[in-house]
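Heads up, coords21.txt below (compact mmCIF, C-alpha atoms):
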# COMPACT_ATOMS: atom_id res chain seq x y z
CA MET A 269 -49.27 -113.87 78.87
CA THR A 270 -52.10 -112.31 80.79
CA SER A 271 -55.49 -111.26 79.53
CA CYS A 272 -55.07 -107.65 80.68
CA SER A 273 -54.68 -104.86 78.16
CA HIS A 274 -51.57 -102.75 77.73
CA GLY A 275 -53.29 -99.86 79.51
CA GLU A 276 -54.30 -102.05 82.46
CA ALA A 277 -50.76 -103.36 82.77
CA LYS A 278 -49.30 -99.83 82.77
CA ALA A 279 -51.84 -98.68 85.35
CA THR A 280 -50.94 -101.57 87.65
CA LEU A 281 -47.21 -100.95 87.27
CA ALA A 282 -47.72 -97.33 88.33
CA TYR A 283 -48.63 -98.52 91.84
CA VAL A 284 -45.73 -100.94 92.40
CA ALA A 285 -43.74 -99.93 95.47
CA LEU A 286 -40.07 -99.08 95.10
CA PRO A 287 -37.41 -101.52 96.32
CA GLY A 288 -36.98 -101.57 100.08
CA ARG A 289 -40.74 -101.12 100.68
CA HIS A 290 -40.75 -97.44 99.75
CA CYS A 291 -43.81 -95.60 98.46
CA HIS A 292 -43.82 -95.16 94.68
CA TRP A 293 -45.07 -91.57 95.08
CA CYS A 294 -43.35 -89.97 98.11
CA LYS A 295 -40.68 -92.62 98.75
CA SER A 296 -41.44 -92.96 102.47
CA VAL A 297 -41.11 -96.37 104.13
CA LEU A 298 -44.27 -98.50 103.92
CA GLY A 299 -45.90 -100.67 106.56
CA GLU A 300 -46.46 -104.42 106.36
CA GLY A 301 -48.66 -106.08 103.77
CA ALA A 302 -48.87 -106.73 100.05
CA ILE A 303 -51.34 -103.88 99.36
CA VAL A 304 -50.48 -100.84 101.48
CA ASP A 305 -51.75 -97.28 101.70
CA CYS A 306 -48.84 -94.95 102.39
CA GLN A 307 -49.19 -93.33 105.82
CA ARG A 308 -47.59 -90.12 104.55
CA CYS A 309 -49.31 -89.43 101.20
CA THR A 310 -52.11 -92.08 101.28
CA SER A 311 -51.07 -93.44 97.87
CA LEU A 312 -51.90 -97.08 97.15
CA ASN A 313 -48.81 -99.31 96.81
CA LEU A 314 -48.49 -102.88 95.58
CA VAL A 315 -45.55 -104.51 97.35
CA TRP A 316 -43.98 -107.41 95.47
CA ALA A 317 -41.19 -109.36 97.11
CA VAL A 318 -38.20 -109.84 94.85
CA ASP A 319 -35.10 -111.93 95.29
CA SER A 320 -31.94 -109.97 96.04
CA PHE A 321 -30.79 -110.97 92.53
CA ASP A 322 -33.74 -109.05 91.04
CA VAL A 323 -33.48 -105.85 93.12
CA GLU A 324 -31.29 -104.11 90.55
CA ALA A 325 -33.69 -105.01 87.73
CA ALA A 326 -36.67 -103.76 89.76
CA ALA A 327 -34.92 -100.46 90.49
CA ASP A 328 -34.10 -100.08 86.80
CA MET A 329 -37.73 -100.73 85.85
CA ASN A 330 -39.01 -98.16 88.36
CA GLN A 331 -36.54 -95.59 87.07
CA LYS A 332 -37.69 -96.15 83.47
CA THR A 333 -41.37 -95.78 84.37
CA GLN A 334 -40.74 -92.48 86.16
CA ASN A 335 -39.12 -90.87 83.11
Represent the supplied structure as structure tokens.
Amino acid sequence: MTSCSHGEAKATLAYVALPGRHCHWCKSVLGEGAIVDCQRCTSLNLVWAVDSFDVEAAADMNQKTQN
């Protein structure tokens, strides 16, 4: 486990980019890098590489956090 609080974890998750390097806010394609400001909406995005096996799980997680 990490030493971050539940609130800190939720705040971090809010900035995770969508699968395929898409912005979590406006869904436009992001540039290169692990921490990227969206060129369209200027939102901060954290880009985590996932194995192709995990893409479906990542998409499911993003869908749940948007509801």
Between CA of Lys278 in chain A and CA of Leu298 in chain A lies a distance of 21.8 Å
Residues around (-42.4, -107.7, 98.5), cut-off 8 Å, counting only C-alpha atoms - what are they as a VMD selection string?
-> chain A and resid 289 302 315 to 318
Within 10 Å of Trp293 in chain A, counting all atoms listed in the file, which residues qualify if same-chain residues fewer than 3 places away don't, as a ChimeraX atom specification?
-> /A:282-286,290,296,306,308-313,334
Please, could you write that set of residues out with C-alpha atoms as an mmCIF file, in the frame of the given file?
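Resulting contents of result-v6.cif:
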data_model
loop_
_atom_site.group_PDB
_atom_site.id
_atom_site.type_symbol
_atom_site.label_atom_id
_atom_site.label_comp_id
_atom_site.auth_asym_id
_atom_site.auth_seq_id
_atom_site.Cartn_x
_atom_site.Cartn_y
_atom_site.Cartn_z
ATOM 1 C CA ALA A 282 -47.720 -97.330 88.330
ATOM 2 C CA TYR A 283 -48.630 -98.520 91.840
ATOM 3 C CA VAL A 284 -45.730 -100.940 92.400
ATOM 4 C CA ALA A 285 -43.740 -99.930 95.470
ATOM 5 C CA LEU A 286 -40.070 -99.080 95.100
ATOM 6 C CA HIS A 290 -40.750 -97.440 99.750
ATOM 7 C CA SER A 296 -41.440 -92.960 102.470
ATOM 8 C CA CYS A 306 -48.840 -94.950 102.390
ATOM 9 C CA ARG A 308 -47.590 -90.120 104.550
ATOM 10 C CA CYS A 309 -49.310 -89.430 101.200
ATOM 11 C CA THR A 310 -52.110 -92.080 101.280
ATOM 12 C CA SER A 311 -51.070 -93.440 97.870
ATOM 13 C CA LEU A 312 -51.900 -97.080 97.150
ATOM 14 C CA ASN A 313 -48.810 -99.310 96.810
ATOM 15 C CA GLN A 334 -40.740 -92.480 86.160
#
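Going from CA of Cys272 in chain A over to CA of Leu314 in chain A, you cover 17.0 Å.
CA of Val304 in chain A to CA of His292 in chain A spans 11.1 Å [interatomic distance, one decimal].
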